[in-house]
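**Student:** You'll find model25.pdb just under this line, and it carries PDB, C-alpha atoms.
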```
ATOM      1  CA  MET A   1     -19.727 -37.753  71.304
ATOM      2  CA  ILE A   2     -20.146 -34.669  69.151
ATOM      3  CA  HIS A   3     -23.068 -36.101  67.120
ATOM      4  CA  LYS A   4     -25.520 -35.847  69.975
ATOM      5  CA  ILE A   5     -24.815 -32.243  70.880
ATOM      6  CA  LYS A   6     -24.265 -30.659  67.482
ATOM      7  CA  LEU A   7     -27.775 -29.298  67.014
ATOM      8  CA  PHE A   8     -27.806 -27.976  70.558
ATOM      9  CA  LEU A   9     -24.370 -26.413  70.108
ATOM     10  CA  LEU A  10     -25.412 -24.872  66.800
ATOM     11  CA  LEU A  11     -28.212 -22.904  68.436
ATOM     12  CA  PHE A  12     -25.924 -21.974  71.321
ATOM     13  CA  PHE A  13     -23.118 -20.934  68.981
ATOM     14  CA  ILE A  14     -25.381 -18.842  66.757
ATOM     15  CA  GLY A  15     -26.635 -17.022  69.834
ATOM     16  CA  ILE A  16     -23.279 -16.096  71.306
ATOM     17  CA  SER A  17     -21.695 -15.578  67.882
ATOM     18  CA  GLY A  18     -24.346 -13.058  66.965
ATOM     19  CA  PHE A  19     -23.948 -11.431  70.369
ATOM     20  CA  GLY A  20     -20.184 -11.210  69.991
ATOM     21  CA  GLN A  21     -20.322  -9.794  66.484
ATOM     22  CA  GLN A  22     -22.965  -7.262  67.453
ATOM     23  CA  LEU A  23     -20.659  -6.012  70.191
ATOM     24  CA  ASN A  24     -17.597  -5.736  67.967
ATOM     25  CA  THR A  25     -19.362  -4.371  64.902
ATOM     26  CA  PHE A  26     -22.185  -2.143  66.109
ATOM     27  CA  LEU A  27     -20.542  -1.124  69.372
ATOM     28  CA  LYS A  28     -16.953   0.070  69.121
ATOM     29  CA  PRO A  29     -14.530  -1.990  71.231
ATOM     30  CA  SER A  30     -13.023  -0.081  74.130
ATOM     31  CA  ASP A  31      -9.434   1.125  73.641
ATOM     32  CA  THR A  32      -8.714   0.575  77.324
ATOM     33  CA  LEU A  33     -10.073  -1.747  79.973
ATOM     34  CA  ASN A  34     -13.728  -1.020  80.659
ATOM     35  CA  ILE A  35     -14.527  -2.652  83.997
ATOM     36  CA  LYS A  36     -18.305  -2.573  83.507
ATOM     37  CA  ARG A  37     -18.082  -4.148  80.072
ATOM     38  CA  ARG A  38     -15.623  -6.797  81.281
ATOM     39  CA  ASN A  39     -17.863  -7.723  84.199
ATOM     40  CA  ALA A  40     -20.864  -7.879  81.866
ATOM     41  CA  VAL A  41     -18.967 -10.229  79.545
ATOM     42  CA  VAL A  42     -17.852 -12.496  82.401
ATOM     43  CA  VAL A  43     -21.349 -12.691  83.862
ATOM     44  CA  SER A  44     -22.944 -13.213  80.429
ATOM     45  CA  GLU A  45     -20.558 -15.971  79.338
ATOM     46  CA  THR A  46     -20.861 -17.719  82.689
ATOM     47  CA  ALA A  47     -24.653 -17.525  82.597
ATOM     48  CA  LEU A  48     -24.827 -18.678  78.972
ATOM     49  CA  GLY A  49     -22.469 -21.580  79.577
ATOM     50  CA  ALA A  50     -24.240 -22.698  82.742
ATOM     51  CA  SER A  51     -27.670 -22.385  81.109
ATOM     52  CA  ALA A  52     -26.505 -24.382  78.108
ATOM     53  CA  LEU A  53     -25.161 -27.190  80.295
ATOM     54  CA  ILE A  54     -28.335 -27.258  82.394
ATOM     55  CA  GLY A  55     -30.447 -27.314  79.231
ATOM     56  CA  LEU A  56     -28.333 -30.043  77.678
ATOM     57  CA  ASN A  57     -28.660 -32.142  80.816
ATOM     58  CA  ALA A  58     -32.432 -31.689  80.850
ATOM     59  CA  LEU A  59     -32.996 -32.180  77.127
ATOM     60  CA  TRP A  60     -30.579 -35.009  76.461
ATOM     61  CA  TYR A  61     -28.963 -36.831  79.358
ATOM     62  CA  LYS A  62     -32.162 -37.354  81.336
ATOM     63  CA  ASP A  63     -33.227 -39.918  78.718
ATOM     64  CA  TYR A  64     -30.198 -42.138  79.431
ATOM     65  CA  ASP A  65     -29.186 -44.141  82.492
ATOM     66  CA  ARG A  66     -26.492 -42.719  84.753
ATOM     67  CA  SER A  67     -23.363 -44.635  85.698
ATOM     68  CA  LYS A  68     -20.092 -44.310  87.544
ATOM     69  CA  PHE A  69     -17.584 -42.105  85.774
ATOM     70  CA  HIS A  70     -15.930 -44.107  83.003
ATOM     71  CA  THR A  71     -13.866 -43.546  79.872
ATOM     72  CA  ILE A  72     -14.138 -44.934  76.346
ATOM     73  CA  ASN A  73     -11.833 -45.122  73.348
ATOM     74  CA  ASP A  74     -13.841 -43.972  70.328
ATOM     75  CA  LEU A  75     -10.949 -42.690  68.229
ATOM     76  CA  ASP A  76     -11.676 -45.175  65.417
ATOM     77  CA  GLU A  77     -15.359 -44.298  65.106
ATOM     78  CA  TRP A  78     -16.839 -42.519  62.067
ATOM     79  CA  MET A  79     -13.408 -42.336  60.428
ATOM     80  CA  GLN A  80     -12.494 -39.469  62.797
ATOM     81  CA  MET A  81     -15.185 -37.128  61.428
ATOM     82  CA  ASP A  82     -16.580 -36.538  64.924
ATOM     83  CA  LYS A  83     -13.097 -35.578  66.195
ATOM     84  CA  ILE A  84     -12.726 -32.953  63.506
ATOM     85  CA  GLY A  85     -16.205 -31.741  64.476
ATOM     86  CA  HIS A  86     -14.964 -31.255  68.037
ATOM     87  CA  ALA A  87     -11.968 -29.246  66.814
ATOM     88  CA  PHE A  88     -14.226 -27.110  64.617
ATOM     89  CA  SER A  89     -16.633 -26.370  67.482
ATOM     90  CA  SER A  90     -13.888 -25.454  69.955
ATOM     91  CA  TYR A  91     -12.186 -23.218  67.373
ATOM     92  CA  GLN A  92     -15.386 -21.280  66.652
ATOM     93  CA  LEU A  93     -16.215 -20.895  70.340
ATOM     94  CA  ALA A  94     -12.650 -19.670  70.978
ATOM     95  CA  ARG A  95     -13.087 -17.033  68.296
ATOM     96  CA  VAL A  96     -16.355 -15.789  69.732
ATOM     97  CA  GLY A  97     -15.064 -15.860  73.310
ATOM     98  CA  ALA A  98     -12.074 -13.710  72.390
ATOM     99  CA  ASP A  99     -14.264 -11.304  70.381
ATOM    100  CA  VAL A 100     -16.542 -10.450  73.278
ATOM    101  CA  PHE A 101     -13.601  -9.852  75.600
ATOM    102  CA  ASN A 102     -12.049  -7.605  72.957
ATOM    103  CA  TRP A 103     -15.177  -5.453  73.124
ATOM    104  CA  SER A 104     -14.561  -4.854  76.827
ATOM    105  CA  GLY A 105     -11.034  -3.616  76.213
ATOM    106  CA  VAL A 106      -9.153  -6.312  78.117
ATOM    107  CA  SER A 107      -5.557  -7.038  77.124
ATOM    108  CA  LYS A 108      -4.747  -9.456  74.329
ATOM    109  CA  LYS A 109      -3.331 -11.856  76.897
ATOM    110  CA  ASP A 110      -6.560 -11.890  78.888
ATOM    111  CA  GLN A 111      -8.630 -12.280  75.721
ATOM    112  CA  LEU A 112      -6.778 -15.500  75.025
ATOM    113  CA  ILE A 113      -6.680 -16.784  78.613
ATOM    114  CA  TYR A 114     -10.289 -16.082  79.578
ATOM    115  CA  GLY A 115     -12.063 -15.696  76.238
ATOM    116  CA  ALA A 116     -10.495 -18.103  73.769
ATOM    117  CA  THR A 117     -10.515 -20.966  76.285
ATOM    118  CA  PHE A 118     -14.293 -20.704  76.667
ATOM    119  CA  GLY A 119     -14.967 -23.364  74.034
ATOM    120  CA  PHE A 120     -12.513 -25.846  75.507
ATOM    121  CA  THR A 121     -13.965 -25.370  78.990
ATOM    122  CA  PHE A 122     -17.550 -25.728  77.815
ATOM    123  CA  LEU A 123     -16.936 -28.799  75.655
ATOM    124  CA  SER A 124     -14.865 -30.427  78.392
ATOM    125  CA  ALA A 125     -17.789 -30.007  80.780
ATOM    126  CA  VAL A 126     -20.008 -31.764  78.229
ATOM    127  CA  GLU A 127     -17.432 -34.547  78.074
ATOM    128  CA  ILE A 128     -17.641 -34.985  81.845
ATOM    129  CA  PHE A 129     -21.410 -35.383  81.465
ATOM    130  CA  ASP A 130     -20.638 -38.166  78.988
ATOM    131  CA  GLY A 131     -18.424 -39.816  81.582
ATOM    132  CA  PHE A 132     -21.350 -40.228  83.953
ATOM    133  CA  SER A 133     -23.710 -41.504  81.243
ATOM    134  CA  LYS A 134     -24.028 -45.267  80.804
ATOM    135  CA  GLU A 135     -24.759 -44.789  77.116
ATOM    136  CA  TRP A 136     -21.594 -42.831  76.369
ATOM    137  CA  GLY A 137     -18.347 -42.219  78.253
ATOM    138  CA  PHE A 138     -15.546 -39.712  78.740
ATOM    139  CA  SER A 139     -13.318 -39.650  75.649
ATOM    140  CA  TRP A 140      -9.723 -38.465  75.863
ATOM    141  CA  SER A 141      -9.600 -38.190  72.089
ATOM    142  CA  ASP A 142     -12.533 -35.749  72.234
ATOM    143  CA  ILE A 143     -10.617 -33.677  74.783
ATOM    144  CA  GLY A 144      -7.582 -33.739  72.497
ATOM    145  CA  ALA A 145      -9.673 -32.536  69.562
ATOM    146  CA  ASN A 146     -11.136 -29.752  71.701
ATOM    147  CA  ALA A 147      -7.616 -28.677  72.663
ATOM    148  CA  LEU A 148      -6.534 -28.759  69.005
ATOM    149  CA  GLY A 149      -9.291 -26.378  67.930
ATOM    150  CA  THR A 150      -8.638 -23.974  70.794
ATOM    151  CA  GLY A 151      -4.898 -24.196  70.206
ATOM    152  CA  LEU A 152      -5.333 -23.359  66.516
ATOM    153  CA  TYR A 153      -7.017 -20.095  67.424
ATOM    154  CA  ILE A 154      -4.697 -19.113  70.276
ATOM    155  CA  GLY A 155      -1.539 -20.170  68.434
ATOM    156  CA  GLN A 156      -2.293 -17.941  65.455
ATOM    157  CA  GLU A 157      -3.039 -14.966  67.663
ATOM    158  CA  LEU A 158       0.296 -15.428  69.433
ATOM    159  CA  LEU A 159       2.217 -16.004  66.190
ATOM    160  CA  TRP A 160       0.572 -13.600  63.752
ATOM    161  CA  GLU A 161      -2.063 -11.653  65.739
ATOM    162  CA  GLU A 162      -4.606 -12.703  63.097
ATOM    163  CA  GLN A 163      -6.423 -15.816  61.896
ATOM    164  CA  ARG A 164      -4.656 -16.723  58.678
ATOM    165  CA  LEU A 165      -6.006 -20.275  58.937
ATOM    166  CA  GLN A 166      -9.706 -20.809  59.609
ATOM    167  CA  LEU A 167     -11.773 -23.933  60.175
ATOM    168  CA  LYS A 168     -14.928 -24.064  58.067
ATOM    169  CA  TYR A 169     -17.832 -26.425  57.427
ATOM    170  CA  SER A 170     -20.004 -27.521  54.510
ATOM    171  CA  PHE A 171     -22.755 -30.092  54.047
ATOM    172  CA  HIS A 172     -24.754 -31.943  51.416
ATOM    173  CA  GLN A 173     -27.493 -34.549  51.783
ATOM    174  CA  THR A 174     -26.626 -38.201  51.147
ATOM    175  CA  PRO A 175     -28.674 -41.391  50.537
ATOM    176  CA  TYR A 176     -27.319 -42.953  53.734
ATOM    177  CA  ALA A 177     -29.644 -41.032  56.055
ATOM    178  CA  ALA A 178     -32.678 -42.755  54.503
ATOM    179  CA  MET A 179     -31.063 -46.119  55.214
ATOM    180  CA  ARG A 180     -30.666 -45.357  58.910
ATOM    181  CA  PRO A 181     -32.699 -42.226  59.744
ATOM    182  CA  GLU A 182     -32.832 -42.871  63.498
ATOM    183  CA  ARG A 183     -29.047 -42.519  63.594
ATOM    184  CA  LEU A 184     -28.242 -40.226  60.680
ATOM    185  CA  GLY A 185     -31.276 -37.950  60.857
ATOM    186  CA  ASN A 186     -34.780 -37.655  59.447
ATOM    187  CA  SER A 187     -34.945 -34.009  58.451
ATOM    188  CA  PHE A 188     -32.424 -31.856  56.614
ATOM    189  CA  ILE A 189     -31.498 -30.026  59.818
ATOM    190  CA  GLU A 190     -30.943 -33.280  61.722
ATOM    191  CA  GLN A 191     -28.844 -34.676  58.895
ATOM    192  CA  MET A 192     -26.631 -31.597  58.914
ATOM    193  CA  PHE A 193     -25.448 -32.571  62.371
ATOM    194  CA  LYS A 194     -25.874 -36.347  62.399
ATOM    195  CA  ASP A 195     -24.939 -37.594  58.934
ATOM    196  CA  TYR A 196     -21.147 -37.542  58.845
ATOM    197  CA  ASN A 197     -21.243 -38.730  55.221
ATOM    198  CA  GLY A 198     -22.505 -35.321  54.115
ATOM    199  CA  GLN A 199     -20.181 -33.199  56.224
ATOM    200  CA  THR A 200     -16.886 -31.706  55.096
ATOM    201  CA  TYR A 201     -14.492 -29.788  57.318
ATOM    202  CA  TRP A 202     -12.051 -27.336  55.763
ATOM    203  CA  LEU A 203      -8.802 -25.654  56.709
ATOM    204  CA  SER A 204      -8.990 -22.396  54.786
ATOM    205  CA  ALA A 205      -5.816 -20.292  54.353
ATOM    206  CA  ASN A 206      -5.769 -16.635  53.319
ATOM    207  CA  LEU A 207      -3.367 -16.206  50.401
ATOM    208  CA  ASP A 208      -2.752 -12.492  50.906
ATOM    209  CA  ALA A 209      -1.738 -13.045  54.538
ATOM    210  CA  PHE A 210       0.933 -15.574  53.555
ATOM    211  CA  PHE A 211       2.078 -14.001  50.282
ATOM    212  CA  LYS A 212       1.926 -10.227  50.728
ATOM    213  CA  GLU A 213       4.072  -9.414  47.679
ATOM    214  CA  ALA A 214       1.907 -11.479  45.311
ATOM    215  CA  ASN A 215      -0.993  -9.022  45.608
ATOM    216  CA  PHE A 216      -3.696 -11.659  45.909
ATOM    217  CA  PRO A 217      -7.199 -10.292  46.641
ATOM    218  CA  LYS A 218      -7.525 -10.003  50.414
ATOM    219  CA  TRP A 219     -10.672 -12.138  50.354
ATOM    220  CA  LEU A 220      -9.145 -15.053  48.390
ATOM    221  CA  ASN A 221      -8.404 -18.257  50.320
ATOM    222  CA  ILE A 222      -7.254 -21.729  49.368
ATOM    223  CA  ALA A 223      -8.782 -24.594  51.328
ATOM    224  CA  ILE A 224      -8.090 -28.243  51.964
ATOM    225  CA  GLY A 225     -11.026 -30.369  53.098
ATOM    226  CA  TYR A 226     -11.672 -33.765  54.625
ATOM    227  CA  SER A 227     -14.758 -35.960  54.677
ATOM    228  CA  ALA A 228     -15.660 -39.653  54.711
ATOM    229  CA  ASN A 229     -18.339 -41.608  52.902
ATOM    230  CA  GLY A 230     -20.217 -44.904  53.067
ATOM    231  CA  MET A 231     -20.647 -44.908  56.856
ATOM    232  CA  LEU A 232     -23.781 -46.366  58.420
ATOM    233  CA  THR A 233     -22.210 -47.205  61.792
ATOM    234  CA  GLY A 234     -19.451 -45.742  63.922
ATOM    235  CA  GLU A 235     -17.118 -48.621  63.236
ATOM    236  CA  ASN A 236     -17.146 -50.906  60.219
ATOM    237  CA  GLU A 237     -19.240 -53.496  62.026
ATOM    238  CA  PRO A 238     -22.849 -54.635  61.512
ATOM    239  CA  VAL A 239     -25.619 -53.565  63.886
ATOM    240  CA  ASN A 240     -28.177 -56.310  64.587
ATOM    241  CA  ASN A 241     -26.889 -58.157  61.506
ATOM    242  CA  MET A 242     -27.612 -55.104  59.372
ATOM    243  CA  PHE A 243     -25.365 -52.786  57.354
ATOM    244  CA  THR A 244     -22.861 -55.531  56.606
ATOM    245  CA  SER A 245     -21.724 -54.141  53.234
ATOM    246  CA  GLN A 246     -20.565 -50.637  54.030
ATOM    247  CA  ASP A 247     -18.359 -49.080  51.374
ATOM    248  CA  ARG A 248     -16.369 -46.733  53.598
ATOM    249  CA  TYR A 249     -13.698 -44.444  52.184
ATOM    250  CA  ARG A 250     -11.974 -41.132  52.900
ATOM    251  CA  GLN A 251     -12.128 -38.007  50.731
ATOM    252  CA  PHE A 252      -9.617 -35.157  50.541
ATOM    253  CA  TYR A 253     -10.335 -31.904  48.736
ATOM    254  CA  LEU A 254      -8.480 -28.930  47.308
ATOM    255  CA  SER A 255     -10.469 -25.806  46.503
ATOM    256  CA  PHE A 256     -10.556 -22.032  46.556
ATOM    257  CA  ASP A 257     -12.575 -20.234  49.222
ATOM    258  CA  VAL A 258     -13.699 -16.738  50.161
ATOM    259  CA  ASN A 259     -12.785 -15.033  53.409
ATOM    260  CA  LEU A 260     -15.984 -13.064  53.852
ATOM    261  CA  THR A 261     -14.545 -11.002  56.714
ATOM    262  CA  ASN A 262     -11.968  -9.511  54.313
ATOM    263  CA  ILE A 263     -14.547  -8.206  51.869
ATOM    264  CA  ASN A 264     -14.330  -4.424  51.920
ATOM    265  CA  THR A 265     -17.630  -2.876  52.978
ATOM    266  CA  LYS A 266     -18.621   0.089  55.115
ATOM    267  CA  SER A 267     -21.944  -1.500  56.048
ATOM    268  CA  ARG A 268     -21.934  -2.648  59.672
ATOM    269  CA  VAL A 269     -24.864  -4.941  58.930
ATOM    270  CA  LEU A 270     -22.968  -6.677  56.126
ATOM    271  CA  LYS A 271     -19.841  -6.963  58.269
ATOM    272  CA  THR A 272     -21.847  -8.752  60.937
ATOM    273  CA  ILE A 273     -23.524 -11.062  58.399
ATOM    274  CA  PHE A 274     -20.192 -11.857  56.722
ATOM    275  CA  SER A 275     -18.546 -12.641  60.050
ATOM    276  CA  VAL A 276     -21.281 -15.070  61.105
ATOM    277  CA  LEU A 277     -21.452 -16.749  57.671
ATOM    278  CA  ASN A 278     -17.680 -17.084  57.431
ATOM    279  CA  VAL A 279     -17.877 -20.432  59.240
ATOM    280  CA  ILE A 280     -19.314 -21.886  55.995
ATOM    281  CA  LYS A 281     -17.065 -22.863  53.085
ATOM    282  CA  VAL A 282     -18.183 -21.086  49.896
ATOM    283  CA  PRO A 283     -19.017 -23.644  47.139
ATOM    284  CA  LEU A 284     -16.358 -23.353  44.411
ATOM    285  CA  PRO A 285     -14.653 -25.681  41.895
ATOM    286  CA  THR A 286     -12.931 -28.483  43.807
ATOM    287  CA  ILE A 287     -10.617 -31.419  43.141
ATOM    288  CA  GLU A 288     -11.276 -34.567  45.188
ATOM    289  CA  PHE A 289      -8.712 -37.247  45.975
ATOM    290  CA  ASN A 290     -10.065 -40.304  47.778
ATOM    291  CA  SER A 291      -8.831 -43.514  49.349
ATOM    292  CA  LYS A 292     -10.144 -45.455  46.339
ATOM    293  CA  ASN A 293      -7.214 -43.943  44.436
ATOM    294  CA  LYS A 294      -9.527 -41.824  42.319
ATOM    295  CA  ALA A 295      -9.439 -38.122  41.481
ATOM    296  CA  VAL A 296     -12.738 -36.350  40.824
ATOM    297  CA  PHE A 297     -13.421 -32.785  39.685
ATOM    298  CA  HIS A 298     -16.459 -31.026  41.188
ATOM    299  CA  LEU A 299     -17.667 -27.848  39.532
ATOM    300  CA  LEU A 300     -19.336 -26.647  42.715
ATOM    301  CA  LEU A 301     -18.725 -28.785  45.763
ATOM    302  CA  HIS A 302     -21.203 -28.220  48.597
TER     303      HIS A 302
END
```
Now that the file is in, can you turn its structure into structure tokens?

**Tutor:**
Amino acid sequence: MIHKIKLFLLLFFIGISGFGQQLNTFLKPSDTLNIKRRNAVVVSETALGASALIGLNALWYKDYDRSKFHTINDLDEWMQMDKIGHAFSSYQLARVGADVFNWSGVSKKDQLIYGATFGFTFLSAVEIFDGFSKEWGFSWSDIGANALGTGLYIGQELLWEEQRLQLKYSFHQTPYAAMRPERLGNSFIEQMFKDYNGQTYWLSANLDAFFKEANFPKWLNIAIGYSANGMLTGENEPVNNMFTSQDRYRQFYLSFDVNLTNINTKSRVLKTIFSVLNVIKVPLPTIEFNSKNKAVFHLLLH
């Protein structure tokens, strides 16, 4: 259930992402295996992961009754927005995990085996926690989404040795949160991670990487996005005889994007900032196609 851990994961991700980018940008990666650096990375990632799981257990799961390990099928909930959120999280954690191992000079193979799988391992551990919670349950579809995000990162490294396709995120506030704030969030920050109606996930492709001879700017991407709207409950069912008239529909987007990591700058500070911010889709003119058979032009979509 990605909705309940998103805020926690955001803080965790920002921490290790900043750490990873600091290592690769301000401290030159080792050309050969540096045993001390590798050991420091292993210990740090293990400690961070364990601390995050302990903190998550203390801050979240303690408020819910325990149960025997059980599974649930939540694939149809929230029009699959939470599944895409899982894939996004595991992709970003794979990227950071590989980056910090690159700093220590380990081989590309080991970066992918021990670094890029960090996100999948961490999120799978969270899923096991769900399995022992009476409120939730272990979801195989969540595991599949985690594997998809990790596989997207690893597959591109094996195929192209670069990330030509990147998963990105954007958000805008919606009126639905006010209708059900306890579920969709009270504050702007809560809504960013609870209100699926305002979230959009993007697959952003670098044009120069795919079409070398066309001489596209190296920073120019084209992105396809997915979101859903009109959702007040996970499934299209009333809760306590409320929310009986949900107008749920899917939205698909086509837009340009900016690959901030390909912007040419000699500033190490800017390189670090661009790398961290590159998880966000840059607002640009966008065409929307939705399941209501309508096409809408947005001058600047969130």

**Student:** Any chance you could resolve the PyMOL selection byres ((chain A and resi 233) around 10) against this file and give the residues as a list in words?

**Tutor:**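 Applying the PyMOL selection byres ((chain A and resi 233) around 10) to the structure shown produces Glu77, Trp78, Arg180, Arg183, Leu184, Gly230, Met231, Leu232, Gly234, Glu235, Asn236, Glu237, Pro238, Val239, Met242, Phe243, Thr244 and Gln246 of chain A.
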
**Student:** Please evaluate the PyMOL selection byres ((chain A and resi 74) around 12) against the displayed coordinates and give the resulting residues as number ranges by chain.

**Tutor:** A: 1-2, 71-73, 75-83, 136-143, 234-235

**Student:** With only C-alpha atoms as the basis for distance, which of A:Lys134, A:Lys62, A:Val126, A:Asp99 is at the shortest distance from Gly49 of chain A?

**Tutor:** A:Val126

**Student:** Measure the distance from atom CA of Asn39 of chain A to atom CA of Asp110 of chain A in Å and round it to one decimal.

**Tutor:**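 These atoms are spaced 13.2 Å apart.
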
**Student:** A:Asp208, A:Asp247, A:Glu161, A:Asp31: which is nearest Asn221 of chain A, counting only C-alpha atoms?

**Tutor:**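 The shortest atom-to-atom distance to Asn221 of chain A comes from A:Asp208.
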
**Student:** Leaving out Phe289 of chain A and any residue of its chain fewer than 3 positions from it, which residues lie within 9 Å of it when counting only C-alpha atoms, given as a ChimeraX atom specification?

**Tutor:** /A:250-254,292-296

**Student:** Considering all atoms listed in the file, return as a list of chain:residue names whatever protein or nucleic-acid residues lie within 9 Å of segment 45-48 of chain A, sequence-local ones (same chain, fewer than 3 positions apart) excluded.

**Tutor:**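 Residues near the query, excluding close chain neighbours: A:Phe12, A:Ile16, A:Ala40, A:Val41, A:Val42, A:Ser51, A:Ala52, A:Leu53, A:Gly97, A:Phe118.
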
**Student:** Give as a list in words the residues that the PyMOL selection byres ((chain A and resi 203) around 6) matches when applied to the coordinates above.

**Tutor:** Gln166, Leu167, Trp202, Ser204, Ala223 and Ile224 of chain A

**Student:** I want to know what sits within 10 Å of Phe171 of chain A, based on all atoms listed in the file, with residues of the same chain fewer than 4 positions away left out; could you give that as a VMD selection string?

**Tutor:** chain A and resid 191 to 193 195 to 201 227 280 to 281 301 to 302

**Student:** One decimal, Å: what's the distance from atom CA of Arg164 of chain A over to atom CA of Pro217 of chain A, could you say?

**Tutor:**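 So the two atoms, atom CA of Arg164 of chain A and atom CA of Pro217 of chain A, lie 13.9 Å apart.
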
**Student:** Report, in Å to a single decimal, how far apart atom CA of Ser107 of chain A and atom CA of Pro29 of chain A are.

**Tutor:** 11.9 Å

**Student:** My list of candidates is A:Asn206, A:Ser187, A:Ser291, A:Thr174. Which is closest to Val258 of chain A when distances are computed with only C-alpha atoms?

**Tutor:**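 Of the candidates, the smallest distance to Val258 of chain A is held by A:Asn206.
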
**Student:** Can you spit out segment 253-296 of chain A with C-alpha atoms, as an mmCIF file, in the first residue's frame, from the structure just given?

**Tutor:**
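File result03.cif, as written:
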```cif
data_model
loop_
_atom_site.group_PDB
_atom_site.id
_atom_site.type_symbol
_atom_site.label_atom_id
_atom_site.label_comp_id
_atom_site.auth_asym_id
_atom_site.auth_seq_id
_atom_site.Cartn_x
_atom_site.Cartn_y
_atom_site.Cartn_z
ATOM 1 C CA TYR A 253 -0.590 12.787 -21.630
ATOM 2 C CA LEU A 254 1.964 13.659 -24.284
ATOM 3 C CA SER A 255 4.439 16.429 -23.535
ATOM 4 C CA PHE A 256 8.005 17.631 -23.849
ATOM 5 C CA ASP A 257 10.322 17.450 -20.847
ATOM 6 C CA VAL A 258 13.792 18.536 -19.778
ATOM 7 C CA ASN A 259 16.524 16.137 -18.740
ATOM 8 C CA LEU A 260 18.173 18.354 -16.156
ATOM 9 C CA THR A 261 21.176 16.036 -15.805
ATOM 10 C CA ASN A 262 22.103 16.722 -19.451
ATOM 11 C CA ILE A 263 22.283 20.478 -19.019
ATOM 12 C CA ASN A 264 25.888 21.502 -19.576
ATOM 13 C CA THR A 265 27.324 23.194 -16.497
ATOM 14 C CA LYS A 266 30.686 23.152 -14.755
ATOM 15 C CA SER A 267 29.122 23.962 -11.388
ATOM 16 C CA ARG A 268 29.184 20.931 -9.094
ATOM 17 C CA VAL A 269 26.472 22.514 -6.966
ATOM 18 C CA LEU A 270 24.156 22.889 -9.961
ATOM 19 C CA LYS A 271 24.901 19.346 -11.119
ATOM 20 C CA THR A 272 23.839 18.026 -7.732
ATOM 21 C CA ILE A 273 20.680 20.171 -7.673
ATOM 22 C CA PHE A 274 19.761 19.152 -11.232
ATOM 23 C CA SER A 275 20.250 15.471 -10.452
ATOM 24 C CA VAL A 276 17.997 15.573 -7.385
ATOM 25 C CA LEU A 277 15.313 17.670 -9.127
ATOM 26 C CA ASN A 278 15.329 15.476 -12.222
ATOM 27 C CA VAL A 279 12.722 13.210 -10.612
ATOM 28 C CA ILE A 280 10.172 16.001 -11.261
ATOM 29 C CA LYS A 281 8.577 16.480 -14.683
ATOM 30 C CA VAL A 282 9.125 20.055 -15.907
ATOM 31 C CA PRO A 283 5.753 21.777 -16.619
ATOM 32 C CA LEU A 284 5.454 22.276 -20.395
ATOM 33 C CA PRO A 285 2.650 22.367 -23.001
ATOM 34 C CA THR A 286 0.798 19.045 -22.909
ATOM 35 C CA ILE A 287 -1.929 17.221 -24.819
ATOM 36 C CA GLU A 288 -4.322 15.120 -22.722
ATOM 37 C CA PHE A 289 -6.322 12.158 -23.987
ATOM 38 C CA ASN A 290 -8.782 10.683 -21.495
ATOM 39 C CA SER A 291 -11.179 7.776 -21.178
ATOM 40 C CA LYS A 292 -14.101 10.166 -21.731
ATOM 41 C CA ASN A 293 -12.959 10.281 -25.360
ATOM 42 C CA LYS A 294 -11.879 13.893 -25.032
ATOM 43 C CA ALA A 295 -8.644 15.622 -26.012
ATOM 44 C CA VAL A 296 -7.538 18.644 -23.988
#
```
